[in-house]
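Data from target38.txt: compact mmCIF, C-alpha atoms
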```
# COMPACT_ATOMS: atom_id res chain seq x y z
CA MET P 1 71.18 -31.33 -5.00
CA LYS P 2 68.99 -30.49 -7.99
CA ALA P 3 67.44 -27.65 -6.01
CA TRP P 4 70.80 -25.99 -5.39
CA LYS P 5 71.72 -26.36 -9.05
CA GLU P 6 68.48 -24.71 -10.21
CA PHE P 7 69.16 -21.82 -7.88
CA ILE P 8 72.84 -21.24 -8.55
CA LYS P 9 72.80 -21.50 -12.37
CA GLY P 10 71.13 -18.12 -12.86
CA ILE P 11 73.77 -16.25 -10.94
CA TRP P 12 76.73 -16.98 -13.20
CA ASP P 13 76.61 -20.01 -15.53
CA GLU P 14 73.37 -18.90 -17.17
CA ASN P 15 73.43 -15.27 -16.09
CA PRO P 16 70.58 -13.60 -17.99
CA VAL P 17 72.59 -10.55 -19.02
CA PHE P 18 76.19 -11.70 -19.38
CA ARG P 19 75.59 -15.21 -20.74
CA MET P 20 72.09 -15.28 -22.26
CA LEU P 21 71.73 -11.65 -23.46
CA MET P 22 68.15 -11.39 -22.23
CA GLY P 23 66.38 -8.27 -21.06
CA MET P 24 68.76 -5.97 -22.90
CA CYS P 25 66.50 -2.91 -23.02
CA PRO P 26 66.35 -2.18 -19.26
CA THR P 27 69.93 -3.38 -18.86
CA LEU P 28 71.17 -0.66 -21.17
CA ALA P 29 68.64 2.03 -20.41
CA VAL P 30 68.57 2.43 -16.65
CA THR P 31 72.14 1.62 -15.62
CA ASN P 32 73.48 5.18 -15.74
CA ALA P 33 73.72 5.06 -11.92
CA ALA P 34 74.25 2.14 -9.56
CA ILE P 35 71.08 2.78 -7.55
CA ASN P 36 68.92 2.75 -10.68
CA GLY P 37 70.39 -0.56 -11.80
CA LEU P 38 69.78 -2.06 -8.37
CA ALA P 39 66.16 -0.83 -8.22
CA MET P 40 65.39 -2.07 -11.73
CA GLY P 41 66.98 -5.43 -10.96
CA LEU P 42 64.95 -5.86 -7.77
CA ALA P 43 61.68 -4.85 -9.46
CA THR P 44 62.30 -7.33 -12.27
CA ALA P 45 63.30 -10.06 -9.79
CA PHE P 46 60.07 -9.52 -7.85
CA VAL P 47 57.92 -9.84 -10.98
CA LEU P 48 59.91 -12.86 -12.16
CA PHE P 49 59.57 -14.61 -8.79
CA CYS P 50 55.81 -14.08 -8.48
CA ALA P 51 55.08 -14.82 -12.14
CA ASN P 52 57.14 -18.03 -12.12
CA ILE P 53 55.30 -19.33 -9.04
CA ILE P 54 51.86 -18.53 -10.42
CA VAL P 55 52.66 -19.98 -13.84
CA ALA P 56 53.97 -23.18 -12.23
CA MET P 57 50.76 -23.40 -10.16
CA VAL P 58 48.21 -22.82 -12.92
CA LYS P 59 49.97 -24.39 -15.90
CA ARG P 60 47.69 -27.45 -15.84
CA PHE P 61 44.58 -25.31 -16.35
CA ILE P 62 45.84 -23.25 -19.29
CA PRO P 63 45.15 -24.62 -22.78
CA ASN P 64 48.31 -24.84 -24.84
CA GLU P 65 47.12 -22.47 -27.60
CA VAL P 66 46.56 -19.47 -25.35
CA ARG P 67 49.44 -19.98 -22.94
CA ILE P 68 51.54 -17.01 -24.08
CA PRO P 69 48.73 -14.41 -23.70
CA SER P 70 47.85 -15.98 -20.34
CA TYR P 71 51.46 -15.70 -19.13
CA ILE P 72 51.59 -12.09 -20.32
CA ILE P 73 48.48 -11.24 -18.31
CA ILE P 74 49.94 -12.86 -15.18
CA ILE P 75 53.18 -10.91 -15.69
CA ALA P 76 51.36 -7.63 -16.40
CA THR P 77 49.40 -7.97 -13.17
CA PHE P 78 52.56 -8.21 -11.07
CA VAL P 79 54.16 -5.38 -13.02
CA THR P 80 51.18 -3.18 -12.15
CA ILE P 81 51.66 -4.12 -8.47
CA ALA P 82 55.39 -3.31 -8.61
CA ASP P 83 54.67 -0.04 -10.43
CA LEU P 84 52.10 1.17 -7.89
CA PHE P 85 54.34 0.05 -4.99
CA LEU P 86 57.33 2.01 -6.31
CA ALA P 87 55.17 5.05 -7.08
CA ALA P 88 53.86 5.04 -3.50
CA TYR P 89 57.04 4.35 -1.51
CA PHE P 90 59.96 5.34 -3.77
CA PRO P 91 58.63 8.17 -5.97
CA GLU P 92 62.11 9.43 -7.01
CA ILE P 93 63.21 6.03 -8.26
CA HIS P 94 59.84 5.53 -9.93
CA LYS P 95 60.34 8.79 -11.78
CA VAL P 96 63.87 7.93 -12.95
CA LEU P 97 63.00 4.42 -14.13
CA GLY P 98 59.86 5.84 -15.74
CA LEU P 99 58.80 3.99 -18.85
CA PHE P 100 60.97 0.98 -18.09
CA ILE P 101 58.82 -0.24 -15.20
CA PRO P 102 55.78 -0.97 -17.42
CA LEU P 103 58.16 -2.42 -19.98
CA ILE P 104 59.06 -5.22 -17.53
CA VAL P 105 55.91 -6.81 -19.02
CA VAL P 106 57.68 -7.47 -22.30
CA ASN P 107 61.10 -8.25 -20.80
CA CYS P 108 61.92 -11.49 -22.57
CA LEU P 109 63.73 -12.80 -19.49
CA ILE P 110 60.44 -13.16 -17.61
CA LEU P 111 58.40 -14.60 -20.46
CA GLY P 112 61.37 -16.81 -21.34
CA ARG P 113 61.54 -18.28 -17.83
CA ALA P 114 57.76 -18.73 -17.65
CA GLU P 115 57.70 -20.51 -21.00
CA GLY P 116 61.02 -22.33 -20.74
CA PHE P 117 61.10 -23.32 -17.06
CA ALA P 118 57.99 -22.70 -14.97
CA SER P 119 55.67 -24.35 -17.50
CA LYS P 120 57.68 -27.58 -17.19
CA ASN P 121 58.68 -27.71 -13.52
CA ASN P 122 56.99 -27.72 -10.11
CA VAL P 123 56.42 -24.69 -7.90
CA ALA P 124 59.47 -25.14 -5.66
CA TYR P 125 61.96 -25.47 -8.50
CA SER P 126 60.34 -22.59 -10.39
CA ALA P 127 60.67 -20.37 -7.32
CA LEU P 128 64.35 -21.29 -6.92
CA ASP P 129 65.01 -20.76 -10.62
CA ALA P 130 63.34 -17.33 -10.48
CA LEU P 131 65.29 -16.41 -7.35
CA GLY P 132 68.61 -17.34 -8.96
CA MET P 133 67.81 -15.60 -12.24
CA GLY P 134 66.54 -12.54 -10.38
CA ILE P 135 69.71 -12.28 -8.31
CA GLY P 136 71.83 -12.79 -11.44
CA PHE P 137 69.93 -10.04 -13.28
CA THR P 138 70.15 -7.65 -10.32
CA PHE P 139 73.87 -8.39 -9.95
CA ALA P 140 74.52 -7.66 -13.63
CA LEU P 141 72.53 -4.40 -13.64
CA THR P 142 74.13 -3.17 -10.43
CA LEU P 143 77.64 -4.00 -11.67
CA LEU P 144 76.96 -2.16 -14.94
CA GLY P 145 75.54 0.78 -12.98
CA ILE P 146 78.57 0.93 -10.68
CA VAL P 147 81.02 0.94 -13.60
CA ARG P 148 79.10 3.57 -15.57
CA GLU P 149 78.50 5.82 -12.57
CA PHE P 150 82.15 5.64 -11.53
CA MET P 151 83.47 6.38 -15.03
CA GLY P 152 80.89 9.04 -15.79
CA MET P 153 80.51 10.87 -12.50
CA GLY P 154 83.30 9.62 -10.24
CA SER P 155 80.88 8.30 -7.65
CA ILE P 156 79.31 4.98 -6.59
CA PHE P 157 75.78 4.92 -5.13
CA ASN P 158 75.95 8.75 -5.09
CA VAL P 159 79.04 8.67 -2.83
CA SER P 160 81.97 10.43 -4.42
CA VAL P 161 84.94 8.07 -4.50
CA ALA P 162 87.22 9.52 -7.17
CA GLY P 163 89.68 12.20 -6.14
CA GLN P 164 89.66 15.87 -7.06
CA ASN P 165 91.80 15.30 -10.14
CA PHE P 166 89.46 12.74 -11.69
CA THR P 167 88.13 13.82 -15.06
CA GLU P 168 84.61 12.49 -15.62
CA TRP P 169 83.99 10.68 -18.88
CA VAL P 170 80.49 12.01 -19.37
CA ILE P 171 79.99 9.72 -22.37
CA PHE P 172 79.57 6.79 -19.95
CA VAL P 173 76.34 8.12 -18.47
CA LEU P 174 75.00 9.07 -21.90
CA PRO P 175 73.29 6.44 -24.11
CA PRO P 176 76.46 5.43 -26.06
CA GLY P 177 78.20 4.59 -22.78
CA ALA P 178 75.70 1.82 -22.10
CA PHE P 179 76.53 0.01 -25.33
CA LEU P 180 80.28 0.53 -24.93
CA THR P 181 80.40 -0.58 -21.26
CA LEU P 182 78.39 -3.75 -21.83
CA GLY P 183 80.35 -4.53 -25.01
CA ILE P 184 83.68 -4.25 -23.18
CA MET P 185 82.36 -6.29 -20.23
CA LEU P 186 81.22 -9.10 -22.53
CA TRP P 187 84.62 -8.99 -24.20
CA ILE P 188 86.40 -9.42 -20.87
CA ILE P 189 84.04 -12.18 -19.68
CA ASN P 190 84.25 -14.11 -22.95
CA SER P 191 88.02 -13.89 -23.03
CA PHE P 192 88.31 -15.54 -19.61
CA SER P 193 85.58 -18.15 -19.81
CA LYS P 194 85.79 -21.43 -21.70
CA LYS P 195 82.06 -21.90 -22.19
CA LYS P 196 80.65 -20.37 -25.32
CA MET P 197 77.96 -17.74 -24.92
CA GLU P 198 74.47 -18.72 -25.94
CA GLU P 199 72.65 -16.50 -28.39
CA SER P 200 69.40 -15.21 -26.96
CA HIS P 201 66.45 -17.10 -28.34
CA CYS P 202 63.80 -14.43 -28.06
CA HIS P 203 63.93 -11.26 -30.06
CA MET N 1 49.90 22.11 -37.18
CA ILE N 2 52.12 20.72 -39.95
CA LYS N 3 55.17 22.13 -38.23
CA GLU N 4 54.22 20.44 -34.99
CA LEU N 5 53.72 17.09 -36.70
CA LEU N 6 57.05 17.45 -38.46
CA LEU N 7 58.74 18.11 -35.12
CA ILE N 8 57.17 14.98 -33.62
CA PHE N 9 58.23 12.97 -36.66
CA ILE N 10 61.86 14.13 -36.71
CA GLY N 11 62.03 13.93 -32.92
CA ALA N 12 60.91 10.30 -32.87
CA MET N 13 62.99 9.26 -35.84
CA LEU N 14 66.35 10.96 -35.32
CA VAL N 15 66.71 13.03 -32.15
CA ASN N 16 65.27 10.49 -29.73
CA ASN N 17 65.87 7.46 -31.89
CA PHE N 18 64.05 4.57 -30.25
CA VAL N 19 66.93 2.13 -30.45
CA LEU N 20 70.02 4.26 -30.06
CA SER N 21 68.96 6.81 -27.50
CA ARG N 22 65.83 5.41 -25.82
CA PHE N 23 66.97 1.75 -25.73
CA LEU N 24 63.65 0.38 -26.95
CA GLY N 25 63.66 -2.65 -29.22
CA ILE N 26 67.22 -3.71 -28.47
CA CYS N 27 66.40 -7.42 -28.80
CA PRO N 28 65.51 -7.36 -32.52
CA PHE N 29 68.21 -4.73 -33.06
CA LEU N 30 70.85 -7.21 -31.85
CA GLY N 31 69.13 -10.39 -32.99
CA VAL N 32 67.79 -9.68 -36.48
CA SER N 33 70.55 -7.43 -37.83
CA LYS N 34 72.81 -9.93 -39.59
CA LYS N 35 71.53 -9.33 -43.16
CA VAL N 36 70.38 -6.03 -44.69
CA ASP N 37 67.30 -7.40 -46.49
CA VAL N 38 66.09 -9.28 -43.40
CA ALA N 39 66.67 -6.18 -41.28
CA LEU N 40 64.69 -4.08 -43.75
CA GLY N 41 61.79 -6.54 -43.58
CA MET N 42 61.82 -6.47 -39.80
CA GLY N 43 61.95 -2.67 -39.82
CA MET N 44 59.02 -2.39 -42.22
CA ALA N 45 56.90 -4.85 -40.23
CA THR N 46 57.70 -2.98 -37.02
CA THR N 47 56.87 0.41 -38.56
CA PHE N 48 53.54 -0.96 -39.77
CA VAL N 49 52.58 -2.43 -36.39
CA MET N 50 53.84 0.67 -34.52
CA THR N 51 51.69 3.08 -36.52
CA ILE N 52 48.56 0.99 -36.15
CA SER N 53 49.08 0.14 -32.47
CA ALA N 54 49.71 3.82 -31.65
CA ILE N 55 46.26 4.64 -33.05
CA ALA N 56 44.63 1.62 -31.37
CA SER N 57 46.11 2.35 -27.95
CA TRP N 58 45.06 6.00 -28.27
CA ALA N 59 41.50 4.87 -28.88
CA ILE N 60 41.59 2.42 -25.95
CA GLN N 61 42.98 5.06 -23.62
CA PHE N 62 40.54 7.85 -24.48
CA TYR N 63 37.37 5.93 -25.18
CA ILE N 64 37.57 3.09 -22.64
CA LEU N 65 40.18 3.47 -19.93
CA GLU N 66 39.81 7.16 -19.11
CA PRO N 67 36.01 7.49 -19.12
CA PHE N 68 35.78 4.56 -16.72
CA GLY N 69 38.78 5.62 -14.60
CA LEU N 70 40.66 2.39 -15.21
CA SER N 71 43.91 3.67 -16.68
CA ARG N 72 45.91 3.34 -13.44
CA PHE N 73 45.23 -0.34 -12.98
CA LEU N 74 44.45 -1.80 -16.35
CA GLN N 75 46.59 0.26 -18.73
CA TYR N 76 49.51 -2.18 -19.04
CA VAL N 77 47.36 -5.30 -19.21
CA SER N 78 45.00 -3.88 -21.81
CA PHE N 79 47.74 -2.35 -24.00
CA VAL N 80 49.70 -5.59 -24.07
CA LEU N 81 46.59 -7.56 -24.95
CA VAL N 82 45.53 -5.09 -27.64
CA ILE N 83 48.97 -5.16 -29.23
CA ALA N 84 49.21 -8.96 -29.13
CA SER N 85 45.80 -9.44 -30.72
CA LEU N 86 46.40 -6.62 -33.20
CA VAL N 87 49.57 -8.32 -34.42
CA GLN N 88 47.65 -11.56 -34.79
CA MET N 89 44.89 -9.80 -36.73
CA ILE N 90 47.31 -7.97 -39.01
CA GLU N 91 49.00 -11.26 -39.77
CA MET N 92 45.70 -12.92 -40.74
CA PHE N 93 44.66 -9.88 -42.79
CA ILE N 94 47.93 -9.73 -44.73
CA LYS N 95 47.88 -13.48 -45.28
CA LYS N 96 44.43 -13.20 -46.86
CA THR N 97 44.90 -10.05 -48.93
CA SER N 98 48.53 -10.03 -49.96
CA PRO N 99 50.41 -13.35 -49.84
CA ASN N 100 53.56 -11.70 -51.19
CA LEU N 101 53.71 -9.17 -48.39
CA HIS N 102 52.97 -11.97 -45.94
CA LYS N 103 55.89 -13.93 -47.29
CA SER N 104 58.29 -11.08 -46.64
CA LEU N 105 56.86 -9.77 -43.35
CA GLY N 106 55.14 -12.86 -41.98
CA ILE N 107 58.02 -14.39 -40.09
CA PHE N 108 58.67 -11.18 -38.18
CA LEU N 109 55.14 -10.49 -37.05
CA PRO N 110 54.99 -12.99 -34.14
CA LEU N 111 58.31 -11.66 -32.83
CA ILE N 112 56.96 -8.13 -32.74
CA THR N 113 54.48 -8.86 -29.94
CA THR N 114 57.23 -8.97 -27.34
CA ASN N 115 59.19 -6.09 -28.87
CA CYS N 116 59.29 -3.52 -26.11
CA ALA N 117 59.42 -0.67 -28.62
CA ILE N 118 55.74 -1.22 -29.47
CA LEU N 119 54.44 -1.11 -25.90
CA GLY N 120 56.90 1.68 -25.12
CA LEU N 121 55.56 3.72 -28.02
CA ALA N 122 51.95 3.21 -26.95
CA LEU N 123 52.72 4.32 -23.38
CA LEU N 124 54.88 7.26 -24.49
CA ALA N 125 52.21 8.56 -26.86
CA VAL N 126 49.58 8.39 -24.11
CA ASN N 127 51.89 10.01 -21.54
CA LYS N 128 52.62 12.88 -23.92
CA GLY N 129 48.89 13.40 -24.44
CA TYR N 130 49.05 13.19 -28.23
CA ASN N 131 45.83 13.17 -30.25
CA MET N 132 45.09 10.55 -32.85
CA ILE N 133 47.00 12.11 -35.77
CA GLN N 134 49.95 13.00 -33.57
CA SER N 135 50.06 9.42 -32.25
CA ALA N 136 50.06 8.02 -35.76
CA VAL N 137 52.86 10.36 -36.88
CA PHE N 138 54.81 9.55 -33.71
CA GLY N 139 54.45 5.83 -34.45
CA LEU N 140 55.50 6.27 -38.07
CA GLY N 141 58.56 8.34 -37.12
CA ALA N 142 59.61 5.92 -34.41
CA GLY N 143 59.18 2.96 -36.74
CA LEU N 144 61.23 4.57 -39.50
CA GLY N 145 63.90 5.49 -36.94
CA PHE N 146 63.99 1.85 -35.85
CA THR N 147 64.27 0.75 -39.49
CA LEU N 148 67.08 3.22 -40.11
CA ALA N 149 69.06 2.02 -37.09
CA ILE N 150 68.62 -1.70 -37.78
CA VAL N 151 69.46 -1.36 -41.48
CA ILE N 152 72.63 0.65 -40.80
CA MET N 153 73.59 -1.92 -38.19
CA ALA N 154 73.01 -4.83 -40.59
CA GLY N 155 75.10 -3.10 -43.24
CA ILE N 156 78.00 -2.74 -40.82
CA ARG N 157 77.65 -6.31 -39.58
CA GLU N 158 77.77 -7.68 -43.13
CA GLU N 159 81.15 -5.99 -43.50
CA LEU N 160 82.27 -7.24 -40.08
CA GLU N 161 81.77 -10.84 -41.22
CA ILE N 162 85.05 -10.68 -43.11
CA ALA N 163 86.92 -8.61 -40.50
CA ASP N 164 89.50 -10.12 -38.17
CA ILE N 165 87.93 -9.73 -34.72
CA PRO N 166 89.57 -10.87 -31.44
CA GLN N 167 88.10 -14.18 -30.24
CA GLY N 168 86.35 -12.88 -27.12
CA LEU N 169 84.83 -9.92 -28.90
CA ARG N 170 83.04 -11.95 -31.59
CA GLY N 171 79.26 -12.04 -31.56
CA ALA N 172 77.55 -9.83 -29.02
CA GLY N 173 80.67 -7.89 -27.96
CA ILE N 174 81.50 -6.33 -31.30
CA THR N 175 77.81 -5.73 -32.04
CA LEU N 176 77.43 -3.72 -28.84
CA LEU N 177 80.58 -1.71 -29.48
CA THR N 178 79.36 -0.92 -33.01
CA ALA N 179 76.01 0.13 -31.59
CA GLY N 180 77.84 2.38 -29.14
CA ILE N 181 79.66 4.17 -31.95
CA LEU N 182 76.42 4.47 -33.95
CA SER N 183 74.79 5.91 -30.85
CA ILE N 184 77.52 8.55 -30.60
CA ALA N 185 76.77 9.47 -34.21
CA PHE N 186 73.07 9.84 -33.39
CA LEU N 187 73.95 12.11 -30.45
CA GLY N 188 74.84 14.59 -33.17
CA PHE N 189 71.15 14.97 -33.99
CA SER N 190 70.35 16.17 -30.49
CA GLY N 191 70.84 19.82 -31.46
CA LEU N 192 68.49 19.51 -34.45
CA ILE N 193 65.38 20.63 -32.62
CA SER N 194 64.88 21.89 -29.10
CA MET N 195 61.86 20.26 -27.54
```

Using the file provided, produce a representation of the structure as structure tokens.
Amino acid sequence: MKAWKEFIKGIWDENPVFRMLMGMCPTLAVTNAAINGLAMGLATAFVLFCANIIVAMVKRFIPNEVRIPSYIIIIATFVTIADLFLAAYFPEIHKVLGLFIPLIVVNCLILGRAEGFASKNNVAYSALDALGMGIGFTFALTLLGIVREFMGMGSIFNVSVAGQNFTEWVIFVLPPGAFLTLGIMLWIINSFSKKKMEESHCH
Amino acid sequence: MIKELLLIFIGAMLVNNFVLSRFLGICPFLGVSKKVDVALGMGMATTFVMTISAIASWAIQFYILEPFGLSRFLQYVSFVLVIASLVQMIEMFIKKTSPNLHKSLGIFLPLITTNCAILGLALLAVNKGYNMIQSAVFGLGAGLGFTLAIVIMAGIREELEIADIPQGLRGAGITLLTAGILSIAFLGFSGLISM
């Protein structure tokens, strides 16, 4: 049952955004609409999945002193693949996410999992861990995007759901709205959960 | 010329503040903003590395990547590598030449490698097609903007230590709400210049 535990932990108990506070930059920056959050989450999950597998495979051949630069190069390679893929097939999303696709390279979630999990576990567990973490990250970004898009524009995934009389709170799709929405969400989650939140260990 | 540089500087520092309106460098902004003096040290180290890496990435882009047509495929890998090794080199240089400065900045330098503001700055400067001086000014402005944001934040958080905060809001929650209000304040700068 260890396999199931490695998979499921990333989705809620150790959710990268809500519990571990990792990968804050893209979380706050691209979630002004639900579709952007979803796309960013999936791109990050793809890079995380591939990088975790490769790191777990080659960890025996990498000298300890240069492991971090080596991991970064592995990650950067997959980010380049994701970037070119999005630019070719989803040009509008690529344009909206813009700078934050290359910045997946320095997302501390990915380096954190490579260093903290994949470098110590076998390929199968690393893949499951990455899958769980990726789904957890995508879930958090999409949820944040849904809330901000609904409050700020009265729509979800570009489908208008609020009635005619709904007054948009434009502040929620502007930069301050990202901080406020995530702050309030963490407040709600912390008030209802017994487990204490872990402080992120990479800055 | 001077006017243009001033616009880039103010734009990077206040109008499009890296932390509060571009969301770059959020990790140190939330993690290293508990004490004002520590935040100031982090800000200074970041400003230093930003200015130098902006110049270095400009040189890489225009002397190596573009002439050989590699920028599409190797830009991210090479920038990340250049920044990581640059940080390492700066650390060794400071350690040798100025032990005092190393004492105050040293602990922050390794953390800066994975600060997304640095890579973000390098990519932004290249995308905007800045020349070498413009890149350096852009890096300096962005770094000082980062310092400003993190120092203000640390000042507020020092006061919050003694405030009575609801249980669930302690820690990250109140920090994010404070950052939100700060960000609203920085929205006020958006009319300062029209880019």

Contact residues around N:Ile184 with only C-alpha atoms at 9 Å, ignoring same-chain residues under 2 positions, as a ChimeraX atom specification: /P:171,175-177 /N:20,179-182,186-188

Identify all chain P residues at most 8 Å from chain N by counting only C-alpha atoms; ligands do not count. Present them as a short mmCIF file (atom, residue, chain, number, x, y, z; two decimals) with C-alpha atoms, in the frame of the given file.
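The new file selection32.cif reads:
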```
data_model
loop_
_atom_site.label_atom_id
_atom_site.label_comp_id
_atom_site.auth_asym_id
_atom_site.auth_seq_id
_atom_site.Cartn_x
_atom_site.Cartn_y
_atom_site.Cartn_z
CA MET P 22 68.15 -11.39 -22.23
CA GLY P 23 66.38 -8.27 -21.06
CA MET P 24 68.76 -5.97 -22.90
CA CYS P 25 66.50 -2.91 -23.02
CA PRO P 26 66.35 -2.18 -19.26
CA LEU P 28 71.17 -0.66 -21.17
CA ALA P 29 68.64 2.03 -20.41
CA PRO P 69 48.73 -14.41 -23.70
CA ILE P 72 51.59 -12.09 -20.32
CA ILE P 73 48.48 -11.24 -18.31
CA ALA P 76 51.36 -7.63 -16.40
CA THR P 77 49.40 -7.97 -13.17
CA THR P 80 51.18 -3.18 -12.15
CA LEU P 99 58.80 3.99 -18.85
CA PRO P 102 55.78 -0.97 -17.42
CA LEU P 103 58.16 -2.42 -19.98
CA VAL P 105 55.91 -6.81 -19.02
CA VAL P 106 57.68 -7.47 -22.30
CA ASN P 107 61.10 -8.25 -20.80
CA CYS P 108 61.92 -11.49 -22.57
CA PRO P 175 73.29 6.44 -24.11
CA PRO P 176 76.46 5.43 -26.06
CA GLY P 177 78.20 4.59 -22.78
CA ALA P 178 75.70 1.82 -22.10
CA PHE P 179 76.53 0.01 -25.33
CA LEU P 180 80.28 0.53 -24.93
CA LEU P 182 78.39 -3.75 -21.83
CA GLY P 183 80.35 -4.53 -25.01
CA ILE P 184 83.68 -4.25 -23.18
CA LEU P 186 81.22 -9.10 -22.53
CA TRP P 187 84.62 -8.99 -24.20
CA ILE P 188 86.40 -9.42 -20.87
CA ILE P 189 84.04 -12.18 -19.68
CA ASN P 190 84.25 -14.11 -22.95
CA SER P 191 88.02 -13.89 -23.03
CA SER P 200 69.40 -15.21 -26.96
CA CYS P 202 63.80 -14.43 -28.06
CA HIS P 203 63.93 -11.26 -30.06
#
```

Test item: which residues lie within 12 Å of (71.9, -20.9, -11.4) counting all atoms listed in the file, as a ChimeraX atom specification: /P:2-16,19,125-137

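Nearest to N:Phe189 of all the residues N:Ala122, N:Ala12, N:Ile64, N:Met42 is N:Ala12, counting only C-alpha atoms.
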
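Atom to atom, atom CA of P:Gly152 and atom CA of P:Val170 stand 4.7 Å apart.
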
Option closest in space to N:Leu144, from N:Gly11, N:Pro67, N:Pro99, N:Gly191 [counting all atoms listed in the file]: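 Closest candidate: N:Gly11.
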
Could the centre and edge lengths of an axis-aligned box, enclosing all atoms of stretch 59-64 of chain N in the file with 3 Å extra on each side, be given in Å to one decimal as JSON?
```
{"center_x": 40.2, "center_y": 5.1, "center_z": -25.8, "size_x": 11.6, "size_y": 11.4, "size_z": 12.2}
```

Among listed residues P:Ala88, P:Met153, P:Val79, P:Val47, nearest P:Arg113 (using all atoms listed in the file):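 Looking only at the distances to P:Arg113, the closest residue turns out to be P:Val47.
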
Selection: 9 Å around P:Ala43, all atoms listed in the file, excl. self and same-chain fewer than 4 positions, as a PyMOL selection string: chain P and resi 38-39+47-48+79+82-83+86+101+104+138

Å distance separating atom CA of P:Ile74 from atom CA of N:Gln61, one decimal place: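 About the pair atom CA of P:Ile74 and atom CA of N:Gln61: they are 21.0 Å apart.
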
Atomic separation - atom CA of P:Ile110 relative to atom CA of P:Thr44, Å: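 Between atom CA of P:Thr44 and atom CA of P:Ile110 the gap works out to 8.1 Å.
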